[in-house]
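Everything on this sheet refers to the single structure shown next.
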Amino acid sequence: MSSTQPLPLEGVTVVAVEQAVAAPFATRQLADLGARVVKIERPDGGDFARGYDTAARGLASHFVWCNRGKESVAVDLKDPRGLEVVKRLVAGADVFVQNLAQGAAARLGLDAAALSAAHPRLVAVDISGYGAEGPYAHKRAYDMLVQCEAGLVSVTGTPEQPVKAGIPAADIAAGMYAFSGVLAALLRRATTGRGGPVEISMLDSLAEWMGHPLHHGMHGGESPVRTGLAHAVIAPYDAYATADGERVLLSVQNDREWRRLADQVLERPELAGDPDFATNTARTANRGRTDAVVAGALAALSGDEALTRLEAADIACARLNTVADVAAHPQLAARDRWREVTTPAGALRTLLPPITLPGGAPTPMGAVPALGEHTDATLRALGMTGGQTAALRRDGVIVDAALSGGPDRS
């Protein structure tokens, strides 16, 4: 008998009316843990993230990232027959997730409050930009806009130029809180028998991630300044150019580390006790001189030499990697973190999810679905006849990739 533990969410069914990043990212985490995720998409193009770009061999990179391991059912929710299909699916599900525009789910009867009342065991998740109430409830909420509203952009960038994060931080934050909220609600259901609603907003999620600068500003009286790659209250903590054009980051967290840096890396042991540099307070006050001393020493070394010297002195350091560098990162390769996932455009290389469960069944890494790929099979499982599904297809209420020209490659 195998001693391998089953996937934690094996046997859990999730129905998701989702688009873009936040909800799809949340439900992909559930699929990675073994849940069956049924993704409801519009027949006329599906999740609009399918059209963001064509970088992944003709597929959208966002969509490939957020939608592996799901079943795609393409159905028109504005048609009563299509809405009835989704409601039948929800009646047999454990979890429902939606991130439609504010108010749209309620008009369809698919909001968490309505579904929780009808199905007490269901965990029903509403993901919104700003929450269901308040003056911002009905504002459009895209990632960059929420990054600005949450203050992230105000602390990111250089003193001269604020910039947004290079990843959809608000979407990811909301997606991860939705994921953990589902797990918490399922755990509660195991003891109480009731699922209940879960509410997540992008603003709430990203505002929580702003904890350090928020508390610094509220309680310290001043908002943190933008410092590029530097740290607002620690020095030296920045990226420094080396002789071969690389940029090496280092971080000195305490005065003991500064003494090692001065002696073993900078080869200026006299700086260890110099009152202008001996304490972090002094180094921060004299940041320009501190950075100049460090930059001068590293500029004489190659990137490899600088990192070797820093590591020998036990100073925290890193390379400023490009995306291509990450794709070839030796640590990811050494830990066997890469897999291939099936897509309508062929096999694509992708990372394993960060959650590792030693001794458990392997992560399924299911295929990225074509639009409507599972519509016909899903409707058959609901007991619909071939004639009924043919009528829905004829009227444009559903789309099935296998019967409408093959996999979607938009």
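By convention in this document, the chains of the structure tokens carry letters A, B, ... by their order, each chain's residues are numbered from 1, and ligands are numbered from 1 in the order they are shown.
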
Between segment 211-249 of chain A and segment 307-319 of chain A, at 9 Å or less, what are the per-residue closest atom pairs and their distances in Å? Count only C-alpha atoms, order by chain and rising residue number, and return it as a Markdown table.
| residue | atom | partner | partner_atom | distance |
| --- | --- | --- | --- | --- |
| A:Ala239 | CA | A:Arg319 | CA | 8.6 |
| A:Glu246 | CA | A:Arg319 | CA | 7.8 |
| A:Arg247 | CA | A:Arg319 | CA | 6.4 |
| A:Val248 | CA | A:Arg319 | CA | 4.9 |
| A:Leu249 | CA | A:Ala318 | CA | 5.1 |

So that I have them on file, write out the residues from the current selection with N, CA, C and O atoms, as a PDB file, in the first residue's frame.
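Everything below was put into out-v8.pdb:
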ATOM      1  N   ALA A 239      22.227  48.644  -4.818  1.00  0.00           N
ATOM      2  CA  ALA A 239      22.904  47.943  -5.907  1.00  0.00           C
ATOM      3  C   ALA A 239      24.110  48.773  -6.338  1.00  0.00           C
ATOM      4  O   ALA A 239      24.006  49.998  -6.469  1.00  0.00           O
ATOM      5  N   GLU A 246      28.094  44.369 -14.281  1.00  0.00           N
ATOM      6  CA  GLU A 246      27.014  43.807 -13.465  1.00  0.00           C
ATOM      7  C   GLU A 246      26.637  44.783 -12.359  1.00  0.00           C
ATOM      8  O   GLU A 246      27.353  45.754 -12.091  1.00  0.00           O
ATOM      9  N   ARG A 247      25.514  44.494 -11.726  1.00  0.00           N
ATOM     10  CA  ARG A 247      25.125  45.247 -10.529  1.00  0.00           C
ATOM     11  C   ARG A 247      24.902  44.235  -9.413  1.00  0.00           C
ATOM     12  O   ARG A 247      24.142  43.283  -9.567  1.00  0.00           O
ATOM     13  N   VAL A 248      25.588  44.463  -8.311  1.00  0.00           N
ATOM     14  CA  VAL A 248      25.525  43.563  -7.164  1.00  0.00           C
ATOM     15  C   VAL A 248      24.855  44.299  -6.012  1.00  0.00           C
ATOM     16  O   VAL A 248      25.187  45.448  -5.712  1.00  0.00           O
ATOM     17  N   LEU A 249      23.879  43.632  -5.411  1.00  0.00           N
ATOM     18  CA  LEU A 249      23.200  44.211  -4.252  1.00  0.00           C
ATOM     19  C   LEU A 249      23.810  43.669  -2.977  1.00  0.00           C
ATOM     20  O   LEU A 249      24.185  42.486  -2.905  1.00  0.00           O
TER      21      LEU A 249
END

Residues of segment 18-174 of chain A in alpha helix (DSSP H) according to DSSP, as number ranges by chain? A: 22-32, 61-66, 80-91, 104-108, 112-118, 143-149, 169-174

Show me a table, sorted first by chain and then by increasing residue number, of the residues of segment 280-394 of chain A having an atom at most 10 Å from segment 44-67 of chain A, each with its shortest atom pair and the distance in Å to one decimal, counting only C-alpha atoms and written as a tab-separated table.
residue	atom	partner	partner_atom	distance
A:Val341	CA	A:Val64	CA	9.1
A:Thr342	CA	A:Val64	CA	9.8
A:Thr343	CA	A:Val64	CA	7.8
A:Pro344	CA	A:Leu59	CA	8.2
A:Ala345	CA	A:Arg57	CA	6.2
A:Gly346	CA	A:Arg57	CA	8.3
A:Ala347	CA	A:Arg57	CA	9.7
A:Leu348	CA	A:Ala56	CA	7.9
A:Arg349	CA	A:Ala56	CA	9.9
A:Thr350	CA	A:Trp65	CA	8.0
A:Leu351	CA	A:Trp65	CA	9.3
A:Gly366	CA	A:Asn67	CA	9.1
A:Ala367	CA	A:Asn67	CA	8.3
A:Val368	CA	A:Asn67	CA	5.7
A:Pro369	CA	A:Asn67	CA	7.5
A:Ala370	CA	A:Gly46	CA	9.5
A:Leu371	CA	A:Gly46	CA	6.3
A:Gly372	CA	A:Gly46	CA	8.2

Pull the closest atom pair for each residue of segment 85-166 of chain A that gets at most 10 Å from segment 200-220 of chain A, along with the distance in Å to one decimal, counting only C-alpha atoms, ordering rows by chain and then ascending residue number, as JSON lines.
{"residue": "A:Asn99", "atom": "CA", "partner": "A:Ile200", "partner_atom": "CA", "distance": 9.6}
{"residue": "A:Val125", "atom": "CA", "partner": "A:Ile200", "partner_atom": "CA", "distance": 7.5}
{"residue": "A:Asp126", "atom": "CA", "partner": "A:Ile200", "partner_atom": "CA", "distance": 6.2}
{"residue": "A:Ile127", "atom": "CA", "partner": "A:Ile200", "partner_atom": "CA", "distance": 4.8}
{"residue": "A:Ser128", "atom": "CA", "partner": "A:Ser201", "partner_atom": "CA", "distance": 4.8}
{"residue": "A:Gly129", "atom": "CA", "partner": "A:Met202", "partner_atom": "CA", "distance": 4.8}
{"residue": "A:Tyr130", "atom": "CA", "partner": "A:Ser201", "partner_atom": "CA", "distance": 5.3}
{"residue": "A:Gly131", "atom": "CA", "partner": "A:Ser201", "partner_atom": "CA", "distance": 5.2}
{"residue": "A:Ala132", "atom": "CA", "partner": "A:Ser201", "partner_atom": "CA", "distance": 8.6}
{"residue": "A:Ala137", "atom": "CA", "partner": "A:Ser201", "partner_atom": "CA", "distance": 9.8}
{"residue": "A:Ala141", "atom": "CA", "partner": "A:Met202", "partner_atom": "CA", "distance": 8.1}
{"residue": "A:Tyr142", "atom": "CA", "partner": "A:Met202", "partner_atom": "CA", "distance": 9.1}
{"residue": "A:Asp143", "atom": "CA", "partner": "A:Met202", "partner_atom": "CA", "distance": 8.2}
{"residue": "A:Leu145", "atom": "CA", "partner": "A:Leu203", "partner_atom": "CA", "distance": 9.7}
{"residue": "A:Val146", "atom": "CA", "partner": "A:Leu203", "partner_atom": "CA", "distance": 6.0}
{"residue": "A:Gln147", "atom": "CA", "partner": "A:Leu206", "partner_atom": "CA", "distance": 7.3}
{"residue": "A:Cys148", "atom": "CA", "partner": "A:Leu203", "partner_atom": "CA", "distance": 9.8}
{"residue": "A:Glu149", "atom": "CA", "partner": "A:Leu203", "partner_atom": "CA", "distance": 7.4}
{"residue": "A:Ala150", "atom": "CA", "partner": "A:Ala207", "partner_atom": "CA", "distance": 5.3}
{"residue": "A:Gly151", "atom": "CA", "partner": "A:Met210", "partner_atom": "CA", "distance": 7.5}
{"residue": "A:Leu152", "atom": "CA", "partner": "A:Met210", "partner_atom": "CA", "distance": 6.8}
{"residue": "A:Ser154", "atom": "CA", "partner": "A:Pro213", "partner_atom": "CA", "distance": 9.9}
{"residue": "A:Val155", "atom": "CA", "partner": "A:Pro213", "partner_atom": "CA", "distance": 7.8}

Save out the residues we just selected, N, CA and C atoms, as a tab-separated table (two decimals), in the first residue's frame.
chain	number	residue	atom	x	y	z
A	99	ASN	N	-15.23	37.33	-9.73
A	99	ASN	CA	-14.69	38.69	-9.67
A	99	ASN	C	-15.23	39.54	-10.81
A	125	VAL	N	-17.15	33.12	-2.69
A	125	VAL	CA	-16.15	34.18	-2.61
A	125	VAL	C	-16.46	35.30	-3.59
A	126	ASP	N	-16.55	36.51	-3.06
A	126	ASP	CA	-16.66	37.72	-3.89
A	126	ASP	C	-15.32	38.45	-3.85
A	127	ILE	N	-14.70	38.66	-5.01
A	127	ILE	CA	-13.48	39.46	-5.10
A	127	ILE	C	-13.81	40.73	-5.86
A	128	SER	N	-13.51	41.86	-5.25
A	128	SER	CA	-13.82	43.15	-5.87
A	128	SER	C	-12.61	44.07	-5.78
A	129	GLY	N	-12.73	45.22	-6.42
A	129	GLY	CA	-11.65	46.18	-6.36
A	129	GLY	C	-11.58	46.90	-5.03
A	130	TYR	N	-12.74	47.40	-4.59
A	130	TYR	CA	-12.75	48.27	-3.41
A	130	TYR	C	-13.73	47.82	-2.33
A	131	GLY	N	-14.41	46.68	-2.52
A	131	GLY	CA	-15.38	46.24	-1.54
A	131	GLY	C	-16.79	46.58	-1.98
A	132	ALA	N	-17.76	45.98	-1.30
A	132	ALA	CA	-19.17	46.10	-1.72
A	132	ALA	C	-19.82	47.40	-1.27
A	137	ALA	N	-17.07	51.83	-4.11
A	137	ALA	CA	-17.55	50.47	-4.40
A	137	ALA	C	-17.73	50.21	-5.89
A	141	ALA	N	-11.63	49.05	-11.10
A	141	ALA	CA	-10.44	48.77	-10.30
A	141	ALA	C	-9.50	47.86	-11.08
A	142	TYR	N	-8.52	48.47	-11.73
A	142	TYR	CA	-7.47	47.70	-12.38
A	142	TYR	C	-6.21	47.77	-11.53
A	143	ASP	N	-5.33	46.83	-11.75
A	143	ASP	CA	-4.19	46.68	-10.86
A	143	ASP	C	-3.42	47.98	-10.64
A	145	LEU	N	-4.32	51.03	-10.98
A	145	LEU	CA	-5.12	52.02	-10.25
A	145	LEU	C	-5.12	51.72	-8.76
A	146	VAL	N	-5.27	50.44	-8.41
A	146	VAL	CA	-5.29	50.08	-6.99
A	146	VAL	C	-3.91	50.24	-6.37
A	147	GLN	N	-2.85	49.95	-7.13
A	147	GLN	CA	-1.50	50.22	-6.62
A	147	GLN	C	-1.36	51.69	-6.23
A	148	CYS	N	-1.94	52.57	-7.04
A	148	CYS	CA	-1.88	54.00	-6.74
A	148	CYS	C	-2.74	54.35	-5.53
A	149	GLU	N	-3.97	53.84	-5.49
A	149	GLU	CA	-4.87	54.14	-4.38
A	149	GLU	C	-4.34	53.61	-3.05
A	150	ALA	N	-3.65	52.46	-3.09
A	150	ALA	CA	-3.12	51.86	-1.86
A	150	ALA	C	-1.80	52.48	-1.42
A	151	GLY	N	-1.26	53.39	-2.21
A	151	GLY	CA	-0.01	54.06	-1.82
A	151	GLY	C	1.25	53.32	-2.21
A	152	LEU	N	1.14	52.16	-2.86
A	152	LEU	CA	2.34	51.41	-3.21
A	152	LEU	C	3.24	52.22	-4.15
A	154	SER	N	3.58	55.34	-4.31
A	154	SER	CA	4.21	56.47	-3.63
A	154	SER	C	5.52	56.09	-2.95
A	155	VAL	N	5.72	54.79	-2.69
A	155	VAL	CA	6.97	54.37	-2.01
A	155	VAL	C	7.85	53.53	-2.93

With a distance cut-off of 12 Å and only C-alpha atoms, select the neighbouring residues of segment 274-291 of chain A, excluding the residue or stretch itself and same-chain residues fewer than 2 positions from it, and output the selection as JSON, numbers by chain. {"A": [227, 230, 231, 232, 233, 234, 235, 236, 237, 238, 239, 240, 241, 249, 250, 251, 252, 253, 254, 255, 256, 257, 258, 259, 260, 261, 262, 266, 268, 269, 270, 271, 272, 293, 294, 295, 296, 297, 298, 299]}

Output C-alpha atoms of each residue in that selection to a file, as a JSON list (two decimals), in the first residue's frame.
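Generated output (again-v7.json):
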[["chain", "number", "residue", "atom", "x", "y", "z"],
["A", 227, "THR", "CA", 14.90, 55.34, -2.54],
["A", 230, "ALA", "CA", 18.18, 51.51, -1.54],
["A", 231, "HIS", "CA", 16.54, 51.15, 1.87],
["A", 232, "ALA", "CA", 14.99, 54.18, 3.51],
["A", 233, "VAL", "CA", 16.50, 53.56, 6.97],
["A", 234, "ILE", "CA", 19.45, 51.18, 6.41],
["A", 235, "ALA", "CA", 22.85, 51.87, 4.80],
["A", 236, "PRO", "CA", 24.58, 50.46, 2.88],
["A", 237, "TYR", "CA", 21.65, 48.71, 1.22],
["A", 238, "ASP", "CA", 21.67, 49.18, -2.54],
["A", 239, "ALA", "CA", 22.90, 47.94, -5.91],
["A", 240, "TYR", "CA", 26.46, 48.77, -6.91],
["A", 241, "ALA", "CA", 28.11, 48.53, -10.33],
["A", 249, "LEU", "CA", 23.20, 44.21, -4.25],
["A", 250, "LEU", "CA", 24.31, 44.07, -0.66],
["A", 251, "SER", "CA", 22.63, 44.70, 2.65],
["A", 252, "VAL", "CA", 24.33, 45.51, 5.94],
["A", 253, "GLN", "CA", 21.79, 44.92, 8.70],
["A", 254, "ASN", "CA", 23.86, 45.76, 11.77],
["A", 255, "ASP", "CA", 27.14, 47.29, 12.88],
["A", 256, "ARG", "CA", 28.90, 43.94, 13.25],
["A", 257, "GLU", "CA", 28.28, 43.32, 9.56],
["A", 258, "TRP", "CA", 29.61, 46.78, 8.74],
["A", 259, "ARG", "CA", 32.86, 45.97, 10.50],
["A", 260, "ARG", "CA", 33.21, 42.76, 8.45],
["A", 261, "LEU", "CA", 32.36, 44.63, 5.25],
["A", 262, "ALA", "CA", 34.94, 47.34, 5.96],
["A", 266, "LEU", "CA", 36.26, 47.20, 1.25],
["A", 268, "ARG", "CA", 39.34, 49.71, 4.73],
["A", 269, "PRO", "CA", 39.41, 48.43, 8.34],
["A", 270, "GLU", "CA", 39.74, 51.97, 9.68],
["A", 271, "LEU", "CA", 36.13, 52.64, 8.63],
["A", 272, "ALA", "CA", 34.86, 50.11, 11.19],
["A", 293, "VAL", "CA", 32.98, 54.14, -0.39],
["A", 294, "VAL", "CA", 31.17, 50.88, -1.18],
["A", 295, "ALA", "CA", 30.71, 51.73, -4.86],
["A", 296, "GLY", "CA", 34.41, 52.58, -5.23],
["A", 297, "ALA", "CA", 35.50, 49.25, -3.80],
["A", 298, "LEU", "CA", 33.10, 47.13, -5.87],
["A", 299, "ALA", "CA", 33.83, 49.04, -9.06]]

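Among the candidate residues A:Val90, A:Ala327, A:Val397, A:Leu108, the one lying nearest to Thr13 of chain A is A:Val90, with distances computed using only C-alpha atoms.
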
Between A:Ala74, A:Val326, A:Met365, A:Val12, which has the minimum distance to Gly92 of chain A (counting only C-alpha atoms)? A:Val12

Which residues are close to Ala165 of chain A, i.e. within 9 Å by only C-alpha atoms, leaving aside same-chain residues fewer than 4 positions away? Reply as a PyMOL selection string. chain A and resi 144+147+152-153+156-157+169

Go ahead and dump the residues you just picked, C-alpha atoms, as a PDB file, in the first residue's frame.
ATOM      1  CA  MET A 144      -2.252  49.893 -11.551  1.00  0.00           C
ATOM      2  CA  GLN A 147      -1.498  50.223  -6.616  1.00  0.00           C
ATOM      3  CA  LEU A 152       2.338  51.412  -3.211  1.00  0.00           C
ATOM      4  CA  VAL A 153       3.402  53.654  -6.072  1.00  0.00           C
ATOM      5  CA  THR A 156       8.234  52.638  -5.174  1.00  0.00           C
ATOM      6  CA  GLY A 157      10.716  54.231  -7.556  1.00  0.00           C
ATOM      7  CA  ALA A 169       0.745  43.311  -7.082  1.00  0.00           C
TER       8      ALA A 169
END
